[in-house]
Amino acid sequence: MDFRQLEIFVAIIEAGSFSRAGERLYMSQPTVTAHMNSLERELEQQLLIRSNKGVRLTESGKYLYEYARNALEQREDILLKLSKKQSGLTQLRIAASSVPAQCLLPELLSSFHQQHNGLRINMSFCDSMEVSQKLTSQQADLGFSGYCAFDVECEYLPIAQDRLVVITPKDGSYASLPYAQPFPIELLLSAPMVVRESGSGTRREFVNYLQKHCPGRNPNIVAVLEDYLAIKNAVSAGMGISVMSGRSVEDYVRLGYVRAFPLGEDAVRNLYILRRKKSRLMGIAKEFFQFALEEFSRDGTKEQHTQLP
């Protein structure tokens, strides 16, 4: 019995099937099966009961599962401590969508990095739907997202709130609109609009808002841009309006490049930190997860309000 067999065994249980365990570990299903058959022969015990509905543990399997998880966790801690001692370098992998990456993480990561000499942070920028995919494929240790995609393999914990606002060019017909009132719904639907890609959390929340308040009607989309900075510049240049995160437009509003209006009183969303449900966080990832929760809990999940001049 070796660590690789234990790792495969745990992956089968946590993934729910041999094929999904193989996907997680980048192994073929026959290879996963061969390792499990070898482990059961060595122990002379049946560990798993296979069925069309997946796998479940025998009594012997339940005992080995607890042992295997503890053994793998201890191995990870030992490797982490030894690697830090030898190289002075620890790696933290984060997958984040645009708004958390630009508006929440810079200060948080800076504070955490100051407490951990030799820490290297690798952050992947992706849309909200891709964040959970990065986690489940084990390309990231933790995720930050502006949308709850309800991925069954991930746990979504709200850490902050964000209000959606409508930004417009600073002149033209928009110059006379009152700031205090929500943006007119008819103008929201008829004005040329610049939006994020379909996987964006902001885009998905806006779609949900439209389905609730004007079902069956669609905005006049003239451009789809993947970068929120490009969208702000396009609106500032007069291409059209956009619905964006209040946090992400504060700088352009403050500088007078665009105007911002409330989308609606209920146009508020959560921002989330994600982790895999069936995998224990260990080492530096566990430390950062706890650090992030503590930092955000000091202010609760209070809603952020964009300053509208």
# chains A, B, ... in the order shown; residues from 1 in each chain; ligands from 1
$ residues_around --residues "A:Gln138" --least-positions-apart "2" --cutoff "10 Å" --atoms "only C-alpha atoms" --output "PyMOL selection string"
chain A and resi 24-25+93+132-136+140-142+276
$ write_last_selection --atoms "N, CA, C and O atoms" --output "tab-separated table (two decimals), in the first residue's frame"
chain	number	residue	atom	x	y	z
A	24	ARG	N	-10.02	13.96	-12.20
A	24	ARG	CA	-9.34	14.79	-11.21
A	24	ARG	C	-7.84	14.55	-11.18
A	24	ARG	O	-7.05	15.47	-11.02
A	25	LEU	N	-7.47	13.29	-11.32
A	25	LEU	CA	-6.07	12.90	-11.18
A	25	LEU	C	-5.35	12.79	-12.52
A	25	LEU	O	-4.18	12.39	-12.55
A	93	ARG	N	-2.41	29.22	-4.92
A	93	ARG	CA	-3.06	29.33	-6.23
A	93	ARG	C	-4.50	29.78	-6.05
A	93	ARG	O	-5.27	29.13	-5.33
A	132	SER	N	-15.20	27.94	-10.51
A	132	SER	CA	-15.46	26.62	-9.93
A	132	SER	C	-14.79	25.52	-10.73
A	132	SER	O	-14.34	24.51	-10.17
A	133	GLN	N	-14.69	25.69	-12.04
A	133	GLN	CA	-14.02	24.69	-12.87
A	133	GLN	C	-12.54	24.60	-12.54
A	133	GLN	O	-11.95	23.52	-12.53
A	134	LYS	N	-11.91	25.74	-12.26
A	134	LYS	CA	-10.50	25.75	-11.86
A	134	LYS	C	-10.31	25.00	-10.55
A	134	LYS	O	-9.32	24.29	-10.36
A	135	LEU	N	-11.28	25.13	-9.65
A	135	LEU	CA	-11.18	24.45	-8.36
A	135	LEU	C	-11.37	22.94	-8.51
A	135	LEU	O	-10.58	22.16	-7.99
A	136	THR	N	-12.41	22.54	-9.21
A	136	THR	CA	-12.71	21.11	-9.31
A	136	THR	C	-11.65	20.36	-10.10
A	136	THR	O	-11.45	19.17	-9.89
A	140	ALA	N	-6.56	25.32	-8.94
A	140	ALA	CA	-6.52	26.39	-7.95
A	140	ALA	C	-6.87	25.82	-6.59
A	140	ALA	O	-7.58	24.83	-6.47
A	141	ASP	N	-6.35	26.47	-5.54
A	141	ASP	CA	-6.63	26.04	-4.18
A	141	ASP	C	-7.90	26.68	-3.64
A	141	ASP	O	-8.66	26.06	-2.90
A	142	LEU	N	-8.13	27.94	-4.01
A	142	LEU	CA	-9.30	28.69	-3.57
A	142	LEU	C	-9.82	29.53	-4.73
A	142	LEU	O	-9.09	29.83	-5.67
A	276	ARG	N	-13.31	23.61	-2.48
A	276	ARG	CA	-13.87	22.30	-2.83
A	276	ARG	C	-14.52	21.69	-1.60
A	276	ARG	O	-13.97	21.72	-0.51
$ closest_residue --among "A:Tyr174, A:Tyr67, A:Tyr228, A:Tyr272" --to "A:Ser145" --atoms "only C-alpha atoms"
A:Tyr272
$ select_by_dssp --residues "stretch 125-167 of chain A" --states "strand (DSSP E)" --output "JSON, numbers by chain"
{"A": [125, 142, 143, 144, 145, 154, 155, 156, 157, 158, 159, 160, 161, 162, 163, 164, 165, 166, 167]}
$ select_by_dssp --residues "stretch 144-220 of chain A" --states "alpha helix (DSSP H)" --output "list of chain:residue names"
A:Ile185, A:Glu186, A:Leu187, A:Leu188, A:Leu189, A:Ser190, A:Gly201, A:Thr202, A:Arg203, A:Arg204, A:Glu205, A:Phe206, A:Val207, A:Asn208, A:Tyr209, A:Leu210, A:Gln211, A:Lys212, A:His213
$ write_last_selection --atoms "N, CA, C and O atoms" --output "CSV table (one decimal), in the first residue's frame"
chain,number,residue,atom,x,y,z
A,185,ILE,N,-36.4,52.1,-16.9
A,185,ILE,CA,-36.4,50.8,-17.5
A,185,ILE,C,-36.5,50.8,-19.0
A,185,ILE,O,-35.8,50.0,-19.7
A,186,GLU,N,-37.3,51.7,-19.6
A,186,GLU,CA,-37.4,51.7,-21.0
A,186,GLU,C,-36.1,52.2,-21.7
A,186,GLU,O,-35.7,51.7,-22.7
A,187,LEU,N,-35.4,53.1,-21.1
A,187,LEU,CA,-34.2,53.6,-21.6
A,187,LEU,C,-33.1,52.5,-21.4
A,187,LEU,O,-32.2,52.3,-22.3
A,188,LEU,N,-33.2,51.7,-20.3
A,188,LEU,CA,-32.3,50.6,-20.1
A,188,LEU,C,-32.4,49.6,-21.2
A,188,LEU,O,-31.4,49.0,-21.6
A,189,LEU,N,-33.6,49.4,-21.7
A,189,LEU,CA,-33.8,48.4,-22.8
A,189,LEU,C,-33.6,48.9,-24.2
A,189,LEU,O,-33.2,48.1,-25.1
A,190,SER,N,-33.7,50.2,-24.4
A,190,SER,CA,-33.6,50.7,-25.7
A,190,SER,C,-32.2,51.3,-26.1
A,190,SER,O,-31.8,51.3,-27.2
A,201,GLY,N,-20.2,37.0,-13.9
A,201,GLY,CA,-21.2,37.1,-12.8
A,201,GLY,C,-22.1,38.3,-13.0
A,201,GLY,O,-23.3,38.3,-12.7
A,202,THR,N,-21.5,39.5,-13.3
A,202,THR,CA,-22.3,40.7,-13.5
A,202,THR,C,-23.3,40.5,-14.6
A,202,THR,O,-24.5,40.9,-14.4
A,203,ARG,N,-22.9,39.9,-15.7
A,203,ARG,CA,-23.9,39.7,-16.8
A,203,ARG,C,-25.0,38.8,-16.3
A,203,ARG,O,-26.2,39.0,-16.6
A,204,ARG,N,-24.7,37.7,-15.6
A,204,ARG,CA,-25.7,36.8,-15.2
A,204,ARG,C,-26.7,37.4,-14.2
A,204,ARG,O,-27.9,37.2,-14.2
A,205,GLU,N,-26.2,38.2,-13.3
A,205,GLU,CA,-27.0,38.9,-12.3
A,205,GLU,C,-27.9,39.9,-13.0
A,205,GLU,O,-29.1,40.1,-12.7
A,206,PHE,N,-27.4,40.6,-14.1
A,206,PHE,CA,-28.2,41.5,-14.8
A,206,PHE,C,-29.4,40.8,-15.6
A,206,PHE,O,-30.5,41.3,-15.6
A,207,VAL,N,-29.0,39.6,-16.1
A,207,VAL,CA,-30.0,38.8,-16.8
A,207,VAL,C,-31.1,38.4,-15.8
A,207,VAL,O,-32.3,38.5,-16.1
A,208,ASN,N,-30.7,38.0,-14.6
A,208,ASN,CA,-31.7,37.6,-13.6
A,208,ASN,C,-32.6,38.8,-13.3
A,208,ASN,O,-33.8,38.7,-13.0
A,209,TYR,N,-32.0,40.0,-13.2
A,209,TYR,CA,-32.8,41.2,-12.9
A,209,TYR,C,-33.8,41.5,-13.9
A,209,TYR,O,-35.0,41.8,-13.6
A,210,LEU,N,-33.4,41.4,-15.2
A,210,LEU,CA,-34.4,41.6,-16.3
A,210,LEU,C,-35.5,40.6,-16.3
A,210,LEU,O,-36.6,40.9,-16.6
A,211,GLN,N,-35.2,39.3,-16.0
A,211,GLN,CA,-36.2,38.3,-16.0
A,211,GLN,C,-37.2,38.6,-14.9
A,211,GLN,O,-38.4,38.2,-15.1
A,212,LYS,N,-36.8,39.2,-13.9
A,212,LYS,CA,-37.7,39.5,-12.7
A,212,LYS,C,-38.5,40.7,-13.0
A,212,LYS,O,-39.7,40.7,-12.7
A,213,HIS,N,-38.0,41.8,-13.6
A,213,HIS,CA,-38.7,43.0,-13.8
A,213,HIS,C,-39.3,43.3,-15.1
A,213,HIS,O,-40.3,44.0,-15.2
$ closest_atom_pairs --of "stretch 113-199 of chain A" --to "stretch 232-241 of chain A" --cutoff "7 Å" --atoms "only C-alpha atoms" --output "JSON lines"
{"residue": "A:Val166", "atom": "CA", "partner": "A:Ile241", "partner_atom": "CA", "distance": 6.9}
{"residue": "A:Ile167", "atom": "CA", "partner": "A:Ile241", "partner_atom": "CA", "distance": 5.7}
{"residue": "A:Thr168", "atom": "CA", "partner": "A:Ile241", "partner_atom": "CA", "distance": 4.6}
{"residue": "A:Pro169", "atom": "CA", "partner": "A:Ser236", "partner_atom": "CA", "distance": 5.1}
{"residue": "A:Ala191", "atom": "CA", "partner": "A:Gly240", "partner_atom": "CA", "distance": 6.8}
{"residue": "A:Pro192", "atom": "CA", "partner": "A:Gly240", "partner_atom": "CA", "distance": 4.8}
{"residue": "A:Met193", "atom": "CA", "partner": "A:Ile241", "partner_atom": "CA", "distance": 4.8}
{"residue": "A:Val194", "atom": "CA", "partner": "A:Ile241", "partner_atom": "CA", "distance": 6.1}
$ closest_residue --among "A:Lys277, A:Arg247, A:Arg4, A:His35" --to "A:Val165" --atoms "only C-alpha atoms"
A:Arg247
$ atom_distance --atom1 "atom CA of A:Gln161" --atom2 "atom CA of A:Ser248"
12.6 Å
$ residues_around --residues "A:Ala96" --least-positions-apart "3" --cutoff "9 Å" --atoms "only C-alpha atoms" --output "list in words"
Val99, Pro100, Ala101, Leu105, Met123, Ser124, Phe125, Cys126, Asp127, Ser128, Glu130, Val131, Leu142, Gly143, Phe144, Ser145 and Gly146 of chain A
$ residues_around --residues "A:Glu7" --least-positions-apart "4" --cutoff "8 Å" --atoms "only C-alpha atoms" --output "JSON, numbers by chain"
{"A": [3, 11, 68, 72]}
$ write_last_selection --atoms "N, CA, C and O atoms" --output "PDB file, in the first residue's frame"
ATOM      1  N   PHE A   3       1.134   5.781  -1.016  1.00  0.00           N
ATOM      2  CA  PHE A   3       0.359   7.015  -0.984  1.00  0.00           C
ATOM      3  C   PHE A   3      -0.468   7.205  -2.250  1.00  0.00           C
ATOM      4  O   PHE A   3      -1.570   7.750  -2.201  1.00  0.00           O
ATOM      5  N   ALA A  11      -9.884   9.917  -3.813  1.00  0.00           N
ATOM      6  CA  ALA A  11     -10.455  10.641  -4.947  1.00  0.00           C
ATOM      7  C   ALA A  11     -11.728   9.969  -5.454  1.00  0.00           C
ATOM      8  O   ALA A  11     -12.691  10.651  -5.839  1.00  0.00           O
ATOM      9  N   ALA A  68      -6.782   7.093   5.429  1.00  0.00           N
ATOM     10  CA  ALA A  68      -6.151   7.630   4.216  1.00  0.00           C
ATOM     11  C   ALA A  68      -6.164   9.146   4.223  1.00  0.00           C
ATOM     12  O   ALA A  68      -5.168   9.792   3.879  1.00  0.00           O
ATOM     13  N   LEU A  72      -2.795  11.367   4.192  1.00  0.00           N
ATOM     14  CA  LEU A  72      -2.504  12.291   3.105  1.00  0.00           C
ATOM     15  C   LEU A  72      -2.338  13.720   3.616  1.00  0.00           C
ATOM     16  O   LEU A  72      -1.496  14.474   3.130  1.00  0.00           O
TER      17      LEU A  72
END
$ decode --residues "stretch 94-129 of chain A" --atoms "N, CA, C and O atoms" --output "PDB file, in the first residue's frame"
ATOM      1  N   ILE A  94      -4.861  30.876  -6.708  1.00  0.00           N
ATOM      2  CA  ILE A  94      -6.194  31.456  -6.578  1.00  0.00           C
ATOM      3  C   ILE A  94      -6.800  31.643  -7.962  1.00  0.00           C
ATOM      4  O   ILE A  94      -6.121  32.102  -8.891  1.00  0.00           O
ATOM      5  N   ALA A  95      -8.073  31.307  -8.101  1.00  0.00           N
ATOM      6  CA  ALA A  95      -8.838  31.619  -9.312  1.00  0.00           C
ATOM      7  C   ALA A  95      -9.862  32.678  -8.933  1.00  0.00           C
ATOM      8  O   ALA A  95     -10.584  32.523  -7.943  1.00  0.00           O
ATOM      9  N   ALA A  96      -9.923  33.772  -9.684  1.00  0.00           N
ATOM     10  CA  ALA A  96     -10.807  34.872  -9.304  1.00  0.00           C
ATOM     11  C   ALA A  96     -11.437  35.514 -10.533  1.00  0.00           C
ATOM     12  O   ALA A  96     -10.790  35.677 -11.564  1.00  0.00           O
ATOM     13  N   SER A  97     -12.704  35.874 -10.403  1.00  0.00           N
ATOM     14  CA  SER A  97     -13.364  36.635 -11.457  1.00  0.00           C
ATOM     15  C   SER A  97     -13.008  38.114 -11.305  1.00  0.00           C
ATOM     16  O   SER A  97     -12.379  38.524 -10.325  1.00  0.00           O
ATOM     17  N   SER A  98     -13.429  38.910 -12.254  1.00  0.00           N
ATOM     18  CA  SER A  98     -12.922  40.279 -12.376  1.00  0.00           C
ATOM     19  C   SER A  98     -13.126  41.154 -11.153  1.00  0.00           C
ATOM     20  O   SER A  98     -12.182  41.782 -10.663  1.00  0.00           O
ATOM     21  N   VAL A  99     -14.354  41.218 -10.645  1.00  0.00           N
ATOM     22  CA  VAL A  99     -14.627  42.160  -9.551  1.00  0.00           C
ATOM     23  C   VAL A  99     -13.881  41.792  -8.274  1.00  0.00           C
ATOM     24  O   VAL A  99     -13.203  42.637  -7.687  1.00  0.00           O
ATOM     25  N   PRO A 100     -13.951  40.529  -7.801  1.00  0.00           N
ATOM     26  CA  PRO A 100     -13.138  40.199  -6.626  1.00  0.00           C
ATOM     27  C   PRO A 100     -11.646  40.403  -6.865  1.00  0.00           C
ATOM     28  O   PRO A 100     -10.933  40.902  -5.989  1.00  0.00           O
ATOM     29  N   ALA A 101     -11.172  40.042  -8.062  1.00  0.00           N
ATOM     30  CA  ALA A 101      -9.746  40.150  -8.353  1.00  0.00           C
ATOM     31  C   ALA A 101      -9.270  41.594  -8.311  1.00  0.00           C
ATOM     32  O   ALA A 101      -8.173  41.879  -7.825  1.00  0.00           O
ATOM     33  N   GLN A 102     -10.101  42.505  -8.805  1.00  0.00           N
ATOM     34  CA  GLN A 102      -9.680  43.900  -8.898  1.00  0.00           C
ATOM     35  C   GLN A 102     -10.052  44.725  -7.670  1.00  0.00           C
ATOM     36  O   GLN A 102      -9.340  45.678  -7.331  1.00  0.00           O
ATOM     37  N   CYS A 103     -11.136  44.352  -6.989  1.00  0.00           N
ATOM     38  CA  CYS A 103     -11.663  45.226  -5.938  1.00  0.00           C
ATOM     39  C   CYS A 103     -11.523  44.668  -4.516  1.00  0.00           C
ATOM     40  O   CYS A 103     -11.560  45.442  -3.556  1.00  0.00           O
ATOM     41  N   LEU A 104     -11.401  43.363  -4.363  1.00  0.00           N
ATOM     42  CA  LEU A 104     -11.305  42.770  -3.029  1.00  0.00           C
ATOM     43  C   LEU A 104      -9.918  42.239  -2.705  1.00  0.00           C
ATOM     44  O   LEU A 104      -9.416  42.397  -1.589  1.00  0.00           O
ATOM     45  N   LEU A 105      -9.282  41.585  -3.675  1.00  0.00           N
ATOM     46  CA  LEU A 105      -8.083  40.811  -3.386  1.00  0.00           C
ATOM     47  C   LEU A 105      -6.777  41.603  -3.253  1.00  0.00           C
ATOM     48  O   LEU A 105      -5.904  41.175  -2.488  1.00  0.00           O
ATOM     49  N   PRO A 106      -6.579  42.697  -3.967  1.00  0.00           N
ATOM     50  CA  PRO A 106      -5.275  43.367  -3.851  1.00  0.00           C
ATOM     51  C   PRO A 106      -4.882  43.699  -2.416  1.00  0.00           C
ATOM     52  O   PRO A 106      -3.777  43.363  -1.969  1.00  0.00           O
ATOM     53  N   GLU A 107      -5.754  44.341  -1.671  1.00  0.00           N
ATOM     54  CA  GLU A 107      -5.431  44.702  -0.287  1.00  0.00           C
ATOM     55  C   GLU A 107      -5.321  43.468   0.600  1.00  0.00           C
ATOM     56  O   GLU A 107      -4.432  43.370   1.453  1.00  0.00           O
ATOM     57  N   LEU A 108      -6.216  42.507   0.386  1.00  0.00           N
ATOM     58  CA  LEU A 108      -6.210  41.290   1.190  1.00  0.00           C
ATOM     59  C   LEU A 108      -4.920  40.504   0.976  1.00  0.00           C
ATOM     60  O   LEU A 108      -4.276  40.061   1.935  1.00  0.00           O
ATOM     61  N   LEU A 109      -4.530  40.324  -0.285  1.00  0.00           N
ATOM     62  CA  LEU A 109      -3.322  39.571  -0.593  1.00  0.00           C
ATOM     63  C   LEU A 109      -2.072  40.290  -0.096  1.00  0.00           C
ATOM     64  O   LEU A 109      -1.120  39.659   0.364  1.00  0.00           O
ATOM     65  N   SER A 110      -2.090  41.612  -0.180  1.00  0.00           N
ATOM     66  CA  SER A 110      -0.943  42.377   0.306  1.00  0.00           C
ATOM     67  C   SER A 110      -0.745  42.181   1.801  1.00  0.00           C
ATOM     68  O   SER A 110       0.374  41.958   2.276  1.00  0.00           O
ATOM     69  N   SER A 111      -1.849  42.241   2.563  1.00  0.00           N
ATOM     70  CA  SER A 111      -1.763  42.054   4.014  1.00  0.00           C
ATOM     71  C   SER A 111      -1.283  40.654   4.365  1.00  0.00           C
ATOM     72  O   SER A 111      -0.447  40.468   5.250  1.00  0.00           O
ATOM     73  N   PHE A 112      -1.794  39.660   3.648  1.00  0.00           N
ATOM     74  CA  PHE A 112      -1.413  38.272   3.924  1.00  0.00           C
ATOM     75  C   PHE A 112       0.045  38.028   3.555  1.00  0.00           C
ATOM     76  O   PHE A 112       0.779  37.347   4.274  1.00  0.00           O
ATOM     77  N   HIS A 113       0.467  38.593   2.430  1.00  0.00           N
ATOM     78  CA  HIS A 113       1.835  38.386   1.961  1.00  0.00           C
ATOM     79  C   HIS A 113       2.851  38.968   2.940  1.00  0.00           C
ATOM     80  O   HIS A 113       3.942  38.406   3.120  1.00  0.00           O
ATOM     81  N   GLN A 114       2.519  40.074   3.581  1.00  0.00           N
ATOM     82  CA  GLN A 114       3.428  40.691   4.538  1.00  0.00           C
ATOM     83  C   GLN A 114       3.697  39.780   5.737  1.00  0.00           C
ATOM     84  O   GLN A 114       4.721  39.907   6.399  1.00  0.00           O
ATOM     85  N   GLN A 115       2.760  38.870   5.999  1.00  0.00           N
ATOM     86  CA  GLN A 115       2.903  37.959   7.140  1.00  0.00           C
ATOM     87  C   GLN A 115       3.594  36.649   6.752  1.00  0.00           C
ATOM     88  O   GLN A 115       3.845  35.813   7.619  1.00  0.00           O
ATOM     89  N   HIS A 116       3.872  36.458   5.459  1.00  0.00           N
ATOM     90  CA  HIS A 116       4.430  35.181   5.001  1.00  0.00           C
ATOM     91  C   HIS A 116       5.577  35.430   4.029  1.00  0.00           C
ATOM     92  O   HIS A 116       5.371  35.571   2.819  1.00  0.00           O
ATOM     93  N   ASN A 117       6.767  35.489   4.553  1.00  0.00           N
ATOM     94  CA  ASN A 117       7.948  35.659   3.713  1.00  0.00           C
ATOM     95  C   ASN A 117       8.129  34.438   2.811  1.00  0.00           C
ATOM     96  O   ASN A 117       7.948  33.303   3.230  1.00  0.00           O
ATOM     97  N   GLY A 118       8.483  34.680   1.580  1.00  0.00           N
ATOM     98  CA  GLY A 118       8.713  33.572   0.648  1.00  0.00           C
ATOM     99  C   GLY A 118       7.459  33.045  -0.003  1.00  0.00           C
ATOM    100  O   GLY A 118       7.503  32.031  -0.701  1.00  0.00           O
ATOM    101  N   LEU A 119       6.310  33.705   0.213  1.00  0.00           N
ATOM    102  CA  LEU A 119       5.062  33.254  -0.397  1.00  0.00           C
ATOM    103  C   LEU A 119       4.984  33.743  -1.841  1.00  0.00           C
ATOM    104  O   LEU A 119       5.190  34.924  -2.118  1.00  0.00           O
ATOM    105  N   ARG A 120       4.663  32.814  -2.745  1.00  0.00           N
ATOM    106  CA  ARG A 120       4.412  33.179  -4.137  1.00  0.00           C
ATOM    107  C   ARG A 120       2.930  32.982  -4.425  1.00  0.00           C
ATOM    108  O   ARG A 120       2.387  31.897  -4.190  1.00  0.00           O
ATOM    109  N   ILE A 121       2.284  34.019  -4.933  1.00  0.00           N
ATOM    110  CA  ILE A 121       0.854  33.972  -5.228  1.00  0.00           C
ATOM    111  C   ILE A 121       0.652  33.888  -6.734  1.00  0.00           C
ATOM    112  O   ILE A 121       1.151  34.735  -7.482  1.00  0.00           O
ATOM    113  N   ASN A 122      -0.057  32.866  -7.170  1.00  0.00           N
ATOM    114  CA  ASN A 122      -0.420  32.710  -8.579  1.00  0.00           C
ATOM    115  C   ASN A 122      -1.930  32.878  -8.698  1.00  0.00           C
ATOM    116  O   ASN A 122      -2.692  32.054  -8.175  1.00  0.00           O
ATOM    117  N   MET A 123      -2.377  33.952  -9.356  1.00  0.00           N
ATOM    118  CA  MET A 123      -3.813  34.193  -9.480  1.00  0.00           C
ATOM    119  C   MET A 123      -4.240  34.098 -10.938  1.00  0.00           C
ATOM    120  O   MET A 123      -3.695  34.780 -11.807  1.00  0.00           O
ATOM    121  N   SER A 124      -5.225  33.237 -11.199  1.00  0.00           N
ATOM    122  CA  SER A 124      -5.783  33.072 -12.542  1.00  0.00           C
ATOM    123  C   SER A 124      -7.026  33.941 -12.667  1.00  0.00           C
ATOM    124  O   SER A 124      -7.931  33.862 -11.826  1.00  0.00           O
ATOM    125  N   PHE A 125      -7.071  34.787 -13.697  1.00  0.00           N
ATOM    126  CA  PHE A 125      -8.241  35.615 -13.953  1.00  0.00           C
ATOM    127  C   PHE A 125      -9.175  34.857 -14.895  1.00  0.00           C
ATOM    128  O   PHE A 125      -8.751  34.382 -15.948  1.00  0.00           O
ATOM    129  N   CYS A 126     -10.432  34.754 -14.537  1.00  0.00           N
ATOM    130  CA  CYS A 126     -11.398  34.045 -15.364  1.00  0.00           C
ATOM    131  C   CYS A 126     -12.786  34.572 -15.031  1.00  0.00           C
ATOM    132  O   CYS A 126     -12.956  35.356 -14.089  1.00  0.00           O
ATOM    133  N   ASP A 127     -13.792  34.146 -15.792  1.00  0.00           N
ATOM    134  CA  ASP A 127     -15.135  34.594 -15.461  1.00  0.00           C
ATOM    135  C   ASP A 127     -15.687  33.747 -14.313  1.00  0.00           C
ATOM    136  O   ASP A 127     -15.091  32.744 -13.904  1.00  0.00           O
ATOM    137  N   SER A 128     -16.827  34.168 -13.779  1.00  0.00           N
ATOM    138  CA  SER A 128     -17.359  33.535 -12.569  1.00  0.00           C
ATOM    139  C   SER A 128     -17.656  32.056 -12.761  1.00  0.00           C
ATOM    140  O   SER A 128     -17.500  31.265 -11.829  1.00  0.00           O
ATOM    141  N   MET A 129     -18.095  31.662 -13.969  1.00  0.00           N
ATOM    142  CA  MET A 129     -18.409  30.266 -14.210  1.00  0.00           C
ATOM    143  C   MET A 129     -17.150  29.408 -14.237  1.00  0.00           C
ATOM    144  O   MET A 129     -17.167  28.237 -13.883  1.00  0.00           O
TER     145      MET A 129
END
